[in-house]
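Source file final_22.cif; content: mmCIF, C-alpha atoms.
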```cif
data_data
#
loop_
_atom_site.label_atom_id
_atom_site.label_comp_id
_atom_site.auth_asym_id
_atom_site.auth_seq_id
_atom_site.Cartn_x
_atom_site.Cartn_y
_atom_site.Cartn_z
CA MET L 183 85.48 129.56 225.39
CA LYS L 184 86.71 131.86 228.15
CA GLY L 185 87.69 135.44 227.41
CA MET L 186 90.75 137.45 228.45
CA THR L 187 91.20 140.35 230.89
CA ILE L 188 89.25 143.61 230.64
CA ILE L 189 92.22 145.55 229.17
CA VAL L 190 92.51 143.15 226.25
CA LYS L 191 88.72 143.14 225.79
CA LYS L 192 88.40 146.94 225.63
CA ILE L 193 91.36 147.41 223.28
CA THR L 194 90.05 144.67 220.99
CA GLN L 195 86.63 146.27 220.93
CA ILE L 196 88.26 149.49 219.73
CA MET L 197 90.56 147.79 217.21
CA ALA L 198 88.23 145.21 215.65
CA PRO L 199 85.86 147.67 213.87
CA ILE L 200 88.87 149.49 212.41
CA ILE L 201 90.32 146.21 211.11
CA PHE L 202 86.90 145.29 209.70
CA LEU L 203 86.63 148.66 207.91
CA PHE L 204 90.15 148.21 206.52
CA GLY L 205 89.08 144.84 205.10
CA ILE L 206 86.06 146.46 203.43
CA TYR L 207 88.33 149.18 202.01
CA ILE L 208 90.71 146.57 200.57
CA ILE L 209 87.79 144.72 198.94
CA VAL L 210 86.03 147.77 197.49
CA HIS L 211 89.26 149.29 196.14
CA GLY L 212 90.44 145.91 194.85
CA HIS L 213 90.51 147.04 191.24
CA LEU L 214 92.50 150.20 192.03
CA THR L 215 95.05 149.35 194.75
CA PRO L 216 96.86 146.15 195.78
CA GLY L 217 94.61 143.65 197.47
CA GLY L 218 91.20 142.43 196.38
CA GLY L 219 88.54 140.00 197.40
CA PHE L 220 90.73 137.31 198.90
CA ALA L 221 92.99 139.56 201.00
CA GLY L 222 90.13 141.76 202.23
CA GLY L 223 88.00 138.76 203.12
CA VAL L 224 90.74 137.21 205.24
CA ILE L 225 91.30 140.57 207.00
CA MET L 226 87.57 140.79 207.82
CA ALA L 227 87.65 137.23 209.15
CA GLY L 228 90.67 138.25 211.23
CA ALA L 229 88.56 140.92 212.96
CA PHE L 230 85.96 138.27 213.86
CA ILE L 231 88.65 135.87 215.13
CA LEU L 232 90.21 138.64 217.26
CA LEU L 233 86.84 139.37 218.89
CA ILE L 234 86.11 135.67 219.59
CA LEU L 235 89.59 135.09 221.05
CA SER L 236 89.54 138.10 223.37
CA ASP L 237 85.90 138.33 224.43
CA GLY L 238 85.16 134.63 224.71
CA SER L 239 81.80 133.34 223.62
CA ILE L 240 78.77 131.25 224.50
CA LEU L 241 78.21 127.96 222.68
CA SER L 242 74.62 128.68 221.61
CA SER L 243 75.44 132.08 220.08
CA LEU L 244 78.44 130.55 218.30
CA ARG L 245 76.19 127.93 216.72
CA LYS L 246 73.86 130.69 215.48
CA GLU L 247 76.77 132.63 213.99
CA GLU L 248 78.06 129.46 212.36
CA SER L 249 74.79 128.69 210.58
CA GLY L 250 74.50 132.29 209.42
CA LEU L 251 78.04 132.28 208.06
CA GLU L 252 77.41 128.99 206.26
CA PHE L 253 74.39 130.59 204.57
CA LEU L 254 76.46 133.65 203.62
CA GLU L 255 79.19 131.48 202.13
CA SER L 256 76.81 129.40 200.04
CA ALA L 257 74.94 132.51 198.88
CA ALA L 258 78.20 134.24 197.91
CA ILE L 259 79.51 131.38 195.78
CA MET L 260 76.04 131.12 194.21
CA GLY L 261 76.16 134.86 193.46
CA PHE L 262 79.56 134.50 191.83
CA LEU L 263 78.18 131.82 189.52
CA ILE L 264 75.06 133.92 188.82
CA ILE L 265 77.19 136.92 187.78
CA ALA L 266 79.14 134.65 185.44
CA GLY L 267 75.89 133.19 184.07
CA ILE L 268 74.36 136.64 183.45
CA GLY L 269 77.38 137.43 181.28
CA LEU L 270 76.71 134.24 179.37
CA LEU L 271 73.04 135.09 178.79
CA ILE L 272 73.10 138.87 178.20
CA SER L 273 76.14 139.35 175.99
CA GLY L 274 75.67 138.25 172.41
CA THR L 275 79.00 136.41 172.37
CA SER L 276 77.89 133.81 174.99
CA VAL L 277 81.13 133.80 176.95
CA PHE L 278 81.17 132.66 180.58
CA PHE L 279 82.57 135.38 182.94
CA ILE L 280 82.35 138.14 180.34
CA ASN L 281 82.48 141.74 181.56
CA PHE L 282 79.02 142.88 180.51
CA LEU L 283 78.82 146.26 182.29
CA GLU L 284 80.33 149.54 181.09
CA LYS L 285 84.05 149.90 181.81
CA GLY L 286 84.06 153.62 182.67
CA THR L 287 87.29 155.59 183.14
CA VAL L 288 90.31 153.73 184.53
CA GLY L 289 91.14 154.81 188.08
CA LYS L 290 87.65 155.82 189.24
CA LEU L 291 86.00 153.89 192.09
CA ILE L 292 83.03 152.90 189.93
CA SER L 293 84.71 151.47 186.87
CA ALA L 294 85.90 148.18 185.39
CA GLY L 295 82.39 146.76 184.96
CA VAL L 296 81.66 143.63 186.99
CA ILE L 297 85.15 143.32 188.54
CA PRO L 298 84.26 145.31 191.74
CA ILE L 299 81.03 143.27 192.15
CA GLU L 300 82.95 140.01 191.76
CA ASN L 301 85.51 141.33 194.27
CA ILE L 302 82.78 141.98 196.85
CA VAL L 303 81.21 138.54 196.30
CA VAL L 304 84.55 136.73 196.61
CA GLY L 305 85.39 138.80 199.69
CA ALA L 306 82.14 137.75 201.39
CA GLU L 307 82.80 134.11 200.46
CA VAL L 308 86.36 134.08 201.83
CA CYS L 309 85.41 135.96 205.01
CA ALA L 310 82.56 133.52 205.70
CA ALA L 311 84.71 130.46 204.92
CA VAL L 312 87.68 131.38 207.13
CA SER L 313 85.51 132.43 210.07
CA THR L 314 83.35 129.30 209.70
CA ILE L 315 86.44 127.08 209.95
CA PHE L 316 87.62 128.94 213.07
CA ILE L 317 84.18 128.92 214.74
CA ALA L 318 83.75 125.21 213.94
CA LEU L 319 87.04 124.48 215.73
CA VAL L 320 85.99 126.56 218.77
CA VAL L 321 82.56 124.84 218.91
CA PHE L 322 84.25 121.43 218.66
CA LYS L 323 86.61 122.29 221.51
CA ASP L 324 83.75 123.52 223.72
CA GLU L 325 81.67 120.42 222.97
CA VAL L 326 84.51 118.00 223.74
CA SER L 327 85.74 119.73 226.89
CA LYS L 328 82.21 119.87 228.34
CA MET A 120 118.08 144.23 196.64
CA GLU A 121 119.25 140.80 195.58
CA ILE A 122 121.36 140.52 198.74
CA TYR A 123 118.28 141.06 200.90
CA LEU A 124 116.41 138.44 198.89
CA ILE A 125 119.20 135.89 199.40
CA LEU A 126 119.26 136.80 203.10
CA MET A 127 115.51 136.10 203.33
CA LEU A 128 115.91 132.77 201.52
CA VAL A 129 118.71 131.71 203.90
CA LEU A 130 116.53 132.73 206.85
CA MET A 131 113.66 130.64 205.50
CA ILE A 132 115.89 127.58 205.08
CA LEU A 133 117.29 128.01 208.61
CA GLY A 134 113.79 128.39 210.05
CA SER A 135 112.51 125.26 208.37
CA ILE A 136 115.57 123.23 209.43
CA TYR A 137 115.12 124.37 213.03
CA SER A 138 111.40 123.57 212.97
CA LEU A 139 112.25 120.01 211.85
CA HIS A 140 114.73 119.46 214.69
CA ALA A 141 113.05 121.36 217.55
CA LYS A 142 112.24 119.28 220.64
CA ASP A 143 109.29 121.46 221.62
CA LEU A 144 106.40 121.52 219.13
CA LEU A 145 105.49 125.11 220.06
CA SER A 146 108.95 126.39 219.12
CA ALA A 147 108.73 124.29 215.94
CA VAL A 148 105.51 126.06 214.91
CA ILE A 149 106.90 129.50 215.77
CA SER A 150 110.10 128.89 213.81
CA TYR A 151 107.93 127.70 210.93
CA GLY A 152 106.30 131.13 211.12
CA ILE A 153 109.72 132.60 210.23
CA VAL A 154 109.35 130.94 206.82
CA GLY A 155 105.99 132.62 206.20
CA PHE A 156 107.00 136.09 207.33
CA ALA A 157 110.30 135.96 205.44
CA LEU A 158 108.25 135.01 202.38
CA VAL A 159 106.18 138.19 202.92
CA ILE A 160 109.34 140.33 202.81
CA ALA A 161 110.54 138.38 199.76
CA PHE A 162 107.23 139.13 197.99
CA LEU A 163 107.59 142.83 198.87
CA LEU A 164 111.17 142.87 197.53
CA LEU A 165 109.94 141.23 194.31
CA GLN A 166 107.27 143.99 194.04
CA ALA A 167 104.18 141.82 194.56
CA PRO A 168 102.16 143.67 197.25
CA ASP A 169 98.95 141.73 196.44
CA LEU A 170 100.57 138.43 197.35
CA ALA A 171 102.28 139.97 200.39
CA ILE A 172 98.95 141.12 201.90
CA VAL A 173 97.35 137.69 201.45
CA GLN A 174 100.44 135.89 202.76
CA VAL A 175 100.79 137.98 205.94
CA VAL A 176 97.11 137.66 206.90
CA VAL A 177 96.82 133.93 206.15
CA GLU A 178 100.11 133.26 207.96
CA ILE A 179 98.85 135.01 211.12
CA ILE A 180 95.54 133.10 211.12
CA THR A 181 97.17 129.69 210.55
CA LEU A 182 99.73 130.41 213.29
CA ILE A 183 96.91 131.28 215.72
CA ILE A 184 95.08 128.03 214.91
CA MET A 185 98.26 125.89 215.15
CA ILE A 186 99.31 127.44 218.48
CA ALA A 187 95.78 126.94 219.86
CA VAL A 188 95.90 123.26 218.82
CA ILE A 189 99.30 122.73 220.46
CA LYS A 190 98.19 124.52 223.64
CA ASP A 191 95.20 122.22 223.94
CA SER A 192 96.93 118.94 223.15
CA THR A 193 100.61 118.43 223.91
CA SER A 194 103.80 120.27 223.05
CA GLU A 195 106.08 117.23 223.27
CA GLU A 196 107.08 115.34 220.20
CA LEU A 197 106.37 111.60 220.18
CA LYS A 198 109.57 109.58 220.56
CA SER A 199 110.00 106.76 218.09
CA LYS A 200 112.41 103.85 218.44
CA PHE A 201 115.07 103.08 215.86
CA ASN A 202 113.46 101.09 213.08
CA PRO A 203 115.59 98.15 211.78
CA LYS A 204 114.05 98.66 208.32
CA PHE A 205 115.55 102.17 208.23
CA TYR A 206 118.26 101.23 205.70
CA ILE A 207 115.71 99.73 203.29
CA TYR A 208 113.57 102.86 203.45
CA PHE A 209 116.67 105.03 202.97
CA ALA A 210 117.70 103.03 199.89
CA VAL A 211 114.19 103.32 198.37
CA VAL A 212 114.12 107.08 198.98
CA ALA A 213 117.59 107.48 197.45
CA ILE A 214 116.64 105.51 194.34
CA PHE A 215 113.50 107.59 193.85
CA ALA A 216 115.41 110.83 194.38
CA ILE A 217 117.97 109.91 191.73
CA LEU A 218 115.18 108.82 189.35
CA PHE A 219 113.31 112.07 189.99
CA PHE A 220 116.32 114.27 189.26
CA TYR A 221 117.15 112.25 186.13
CA ILE A 222 113.60 112.68 184.74
CA PHE A 223 113.57 116.35 185.75
CA ASP A 224 116.81 116.87 183.84
CA ARG A 225 115.43 115.07 180.76
CA VAL A 226 112.16 117.04 180.81
CA THR A 227 113.70 120.49 181.30
CA GLY A 228 115.99 119.86 178.34
CA THR A 229 113.01 119.82 175.98
CA LEU A 230 111.45 123.08 177.27
CA SER A 231 112.06 126.49 175.77
CA GLN A 232 114.63 128.85 177.25
CA PHE A 233 113.85 129.85 180.85
CA GLY A 234 111.83 133.06 180.96
CA GLU A 235 110.84 133.11 177.30
CA HIS A 236 107.49 131.41 177.87
CA PHE A 237 106.67 133.64 180.81
CA THR A 238 107.38 136.84 178.93
CA ARG A 239 105.16 135.75 176.06
CA MET A 240 102.19 135.24 178.41
CA ALA A 241 102.93 138.34 180.47
CA THR A 242 103.14 140.55 177.40
CA ALA A 243 99.72 139.36 176.25
CA TYR A 244 98.25 140.02 179.70
CA ILE A 245 99.81 143.48 180.03
CA GLU A 246 98.60 144.51 176.58
CA GLY A 247 95.12 143.10 177.20
CA SER A 248 94.78 144.60 180.67
CA GLN A 249 93.94 148.01 179.20
CA GLU A 250 90.67 146.50 177.97
CA THR A 251 89.54 145.17 181.38
CA GLY A 252 89.30 148.73 182.72
CA SER A 253 90.97 147.77 186.01
CA ALA A 254 93.83 149.92 187.29
CA ASN A 255 95.19 147.01 189.34
CA LEU A 256 96.69 144.61 186.83
CA VAL A 257 96.53 141.56 189.12
CA THR A 258 92.80 141.97 189.77
CA GLY A 259 92.23 142.54 186.08
CA VAL A 260 93.93 139.24 185.30
CA ILE A 261 92.34 137.08 188.01
CA PHE A 262 88.79 138.35 187.44
CA ASP A 263 88.87 138.60 183.66
CA PHE A 264 91.37 136.39 181.85
CA ARG A 265 91.54 133.85 184.63
CA ALA A 266 88.10 134.05 186.21
CA TYR A 267 87.87 130.26 186.04
CA ASP A 268 90.87 130.08 188.39
CA THR A 269 89.07 132.32 190.88
CA LEU A 270 85.95 130.15 190.62
CA GLY A 271 88.06 127.06 191.29
CA GLU A 272 89.74 128.74 194.26
CA ALA A 273 86.34 129.67 195.74
CA THR A 274 85.12 126.10 195.19
CA VAL A 275 88.19 124.66 196.94
CA LEU A 276 87.57 126.93 199.94
CA PHE A 277 83.88 125.93 200.01
CA THR A 278 84.81 122.22 199.91
CA ALA A 279 87.36 122.73 202.68
CA VAL A 280 84.72 124.31 204.93
CA ILE A 281 82.27 121.47 204.26
CA GLY A 282 85.01 118.91 205.01
CA VAL A 283 85.95 120.60 208.29
CA LEU A 284 82.32 120.78 209.40
CA THR A 285 81.68 117.12 208.49
CA ILE A 286 84.73 115.76 210.34
CA LEU A 287 84.28 117.91 213.45
CA ARG A 288 80.55 117.19 213.79
CA ILE A 289 81.00 113.39 213.67
CA LYS A 290 83.71 113.40 216.34
CA GLY A 291 81.80 115.79 218.58
CA LYS A 292 78.71 113.60 218.51
CA LYS A 293 80.65 110.41 219.30
CA LYS A 294 82.30 111.96 222.37
CA GLU A 295 78.97 113.02 223.81
CA LYS A 296 77.61 109.47 224.00
#
```
Show me, as structure tokens, the structure contained in the file I just sent.
Amino acid sequence: MKGMTIIVKKITQIMAPIIFLFGIYIIVHGHLTPGGGFAGGVIMAGAFILLILSDGSILSSLRKEESGLEFLESAAIMGFLIIAGIGLLISGTSVFFINFLEKGTVGKLISAGVIPIENIVVGAEVCAAVSTIFIALVVFKDEVSK
Amino acid sequence: MEIYLILMLVLMILGSIYSLHAKDLLSAVISYGIVGFALVIAFLLLQAPDLAIVQVVVEIITLIIMIAVIKDSTSEELKSKFNPKFYIYFAVVAIFAILFFYIFDRVTGTLSQFGEHFTRMATAYIEGSQETGSANLVTGVIFDFRAYDTLGEATVLFTAVIGVLTILRIKGKKKEK
């Protein structure tokens, strides 16, 4: 895939890390402010998509990124299930998805037990899934047009 | 506030009607984007910022993908000739529409008063949300009371990715031969 002009490239290189950081902020503060795992994950994927669209990319490096993202996605959904399973095993009540950590004070960054951890895991899953779909389309286009 | 909401709904209906009748597929997709972005403002007016964030980001990414697809294929709509069976199809659709509205009317008659059911659930959630320890009520609900929903959503996304990869890989290999 071909990239755009140098003005677009430079501005995207400045903007993309900020967008990525904003996505991380939305995920980590998911239990305090509006947003959460899903919204933050899609914003992080948006930063990746912006970079691929403006900078262009080589087919071989795209394939590497794709396999890495697939691994991240599978690991994240596995982690989500593992967190739910730990709740089932540790707590005496044997409830799937139980909040087994301490709740802490409402409004602090480290509070609400496993909810922030689940937010991070879901965020990683969504980010990997959306960027995998986009990269798969770009790889398909490059393969066909070759 | 209600006037703005009605304005957004009218805008959404106009956008979808135009996207059905547009000659150029690119303008159809862009006018379909009006529906999504008006929905964002409607969510903000209804005080649901969580949904608004997700809607605006997903709308932008889907628009990018759709515009890229149209740019690579064709932006002209396929012309179809007048089908002589049109009147039969129209009659079937009309019969099913009347049947659907009749059953809808019968079913809604047996439900409880509109809003009562919702308030009962919402009251339970709002009272229980103090125990989840989450300041954001929506996150408290979707990761505690309704964690199974979140698991299902993640599974759907995972399946979608696997489906996309499967379809695209098969086609790519066939073209190479």
Chain A residues near chain L (7 Å cut-off, only C-alpha atoms) as a list in words: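 Taken together, these residues fit the definition: Pro168, Asp169, Ile172, Val173, Val176, Val177, Thr251, Gly252, Ser253, Ala254, Asn255, Thr258, Phe262, Ala266, Leu276, Phe277, Val280, Val283, Leu284, Leu287, Gly291 and Lys294 of chain A.
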Å distance separating atom CA of Gly259 of chain A from atom CA of Ala157 of chain A, one decimal place: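 If I compute the distance from atom CA of Gly259 of chain A to atom CA of Ala157 of chain A, I get 27.3 Å.
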Could you give me, as a tab-separated table (two decimals) with C-alpha atoms, keeping the file's coordinate frame, the residues within 8 Å of segment 131-133 of chain A, counting only C-alpha atoms and dropping anything in the same chain fewer than 6 positions from it?
```
chain	number	residue	atom	x	y	z
A	153	ILE	CA	109.72	132.60	210.23
A	154	VAL	CA	109.35	130.94	206.82
A	155	GLY	CA	105.99	132.62	206.20
A	157	ALA	CA	110.30	135.96	205.44
A	158	LEU	CA	108.25	135.01	202.38
```
Within-12 Å shell of (113.5, 137.6, 205.0) in input frame, all atoms listed in the file, as a list in words: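 Within 12 Å of (113.5, 137.6, 205.0), the protein and nucleic acid residues are Met120, Glu121, Ile122, Tyr123, Leu124, Ile125, Leu126, Met127, Leu128, Val129, Leu130, Met131, Ile132, Leu133, Gly134, Gly152, Ile153, Val154, Gly155, Phe156, Ala157, Leu158, Val159, Ile160, Ala161, Phe162, Leu163, Leu164 and Leu165 of chain A.
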Exercise: Ala229 of chain L partners within 10 Å, all atoms listed in the file, chain neighbours under 2 positions left out, as JSON, numbers by chain: {"L": [194, 195, 197, 198, 199, 200, 201, 202, 203, 204, 205, 224, 225, 226, 227, 231, 232, 233, 234, 309, 313]}
Point-to-point distance from atom CA of Glu195 of chain A to atom CA of Leu145 of chain A, Å rounded to tenths: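 Computing the Euclidean distance for atom CA of Glu195 of chain A and atom CA of Leu145 of chain A yields 8.5 Å.
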Just need the box for segment 320-327 of chain L, edges along x, y and z, holding every atom the file lists for it with 6 Å tacked onto each side, so centre and edge lengths in Å to one decimal, as AutoDock Vina command-line options.
```
--center_x 84.1 --center_y 122.3 --center_z 222.8 --size_x 16.9 --size_y 20.6 --size_z 20.2
```
Output check: residues returned by the PyMOL selection byres ((chain A and resi 146) around 12), as an MDAnalysis selection string: chainID A and resid 134:135 137:145 147:153 182 185:186 189:190 194:196
Next, the residues of the selection above should be written as an mmCIF file, in the frame of the given file with C-alpha atoms.
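Listing of out-v5.cif after writing:
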```cif
data_model
loop_
_atom_site.group_PDB
_atom_site.id
_atom_site.type_symbol
_atom_site.label_atom_id
_atom_site.label_comp_id
_atom_site.auth_asym_id
_atom_site.auth_seq_id
_atom_site.Cartn_x
_atom_site.Cartn_y
_atom_site.Cartn_z
ATOM 1 C CA GLY A 134 113.790 128.390 210.050
ATOM 2 C CA SER A 135 112.510 125.260 208.370
ATOM 3 C CA TYR A 137 115.120 124.370 213.030
ATOM 4 C CA SER A 138 111.400 123.570 212.970
ATOM 5 C CA LEU A 139 112.250 120.010 211.850
ATOM 6 C CA HIS A 140 114.730 119.460 214.690
ATOM 7 C CA ALA A 141 113.050 121.360 217.550
ATOM 8 C CA LYS A 142 112.240 119.280 220.640
ATOM 9 C CA ASP A 143 109.290 121.460 221.620
ATOM 10 C CA LEU A 144 106.400 121.520 219.130
ATOM 11 C CA LEU A 145 105.490 125.110 220.060
ATOM 12 C CA ALA A 147 108.730 124.290 215.940
ATOM 13 C CA VAL A 148 105.510 126.060 214.910
ATOM 14 C CA ILE A 149 106.900 129.500 215.770
ATOM 15 C CA SER A 150 110.100 128.890 213.810
ATOM 16 C CA TYR A 151 107.930 127.700 210.930
ATOM 17 C CA GLY A 152 106.300 131.130 211.120
ATOM 18 C CA ILE A 153 109.720 132.600 210.230
ATOM 19 C CA LEU A 182 99.730 130.410 213.290
ATOM 20 C CA MET A 185 98.260 125.890 215.150
ATOM 21 C CA ILE A 186 99.310 127.440 218.480
ATOM 22 C CA ILE A 189 99.300 122.730 220.460
ATOM 23 C CA LYS A 190 98.190 124.520 223.640
ATOM 24 C CA SER A 194 103.800 120.270 223.050
ATOM 25 C CA GLU A 195 106.080 117.230 223.270
ATOM 26 C CA GLU A 196 107.080 115.340 220.200
#
```
Given the PyMOL selection byres ((chain L and resi 183-188) around 7), the residues it picks as a list of chain:residue names: L:Ile189, L:Val190, L:Lys191, L:Lys192, L:Leu235, L:Ser236, L:Asp237, L:Gly238, L:Ser239, L:Ile240, L:Asp324
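For the pair atom CA of Leu283 of chain L and atom CA of Gly269 of chain L, the separation is 9.0 Å.
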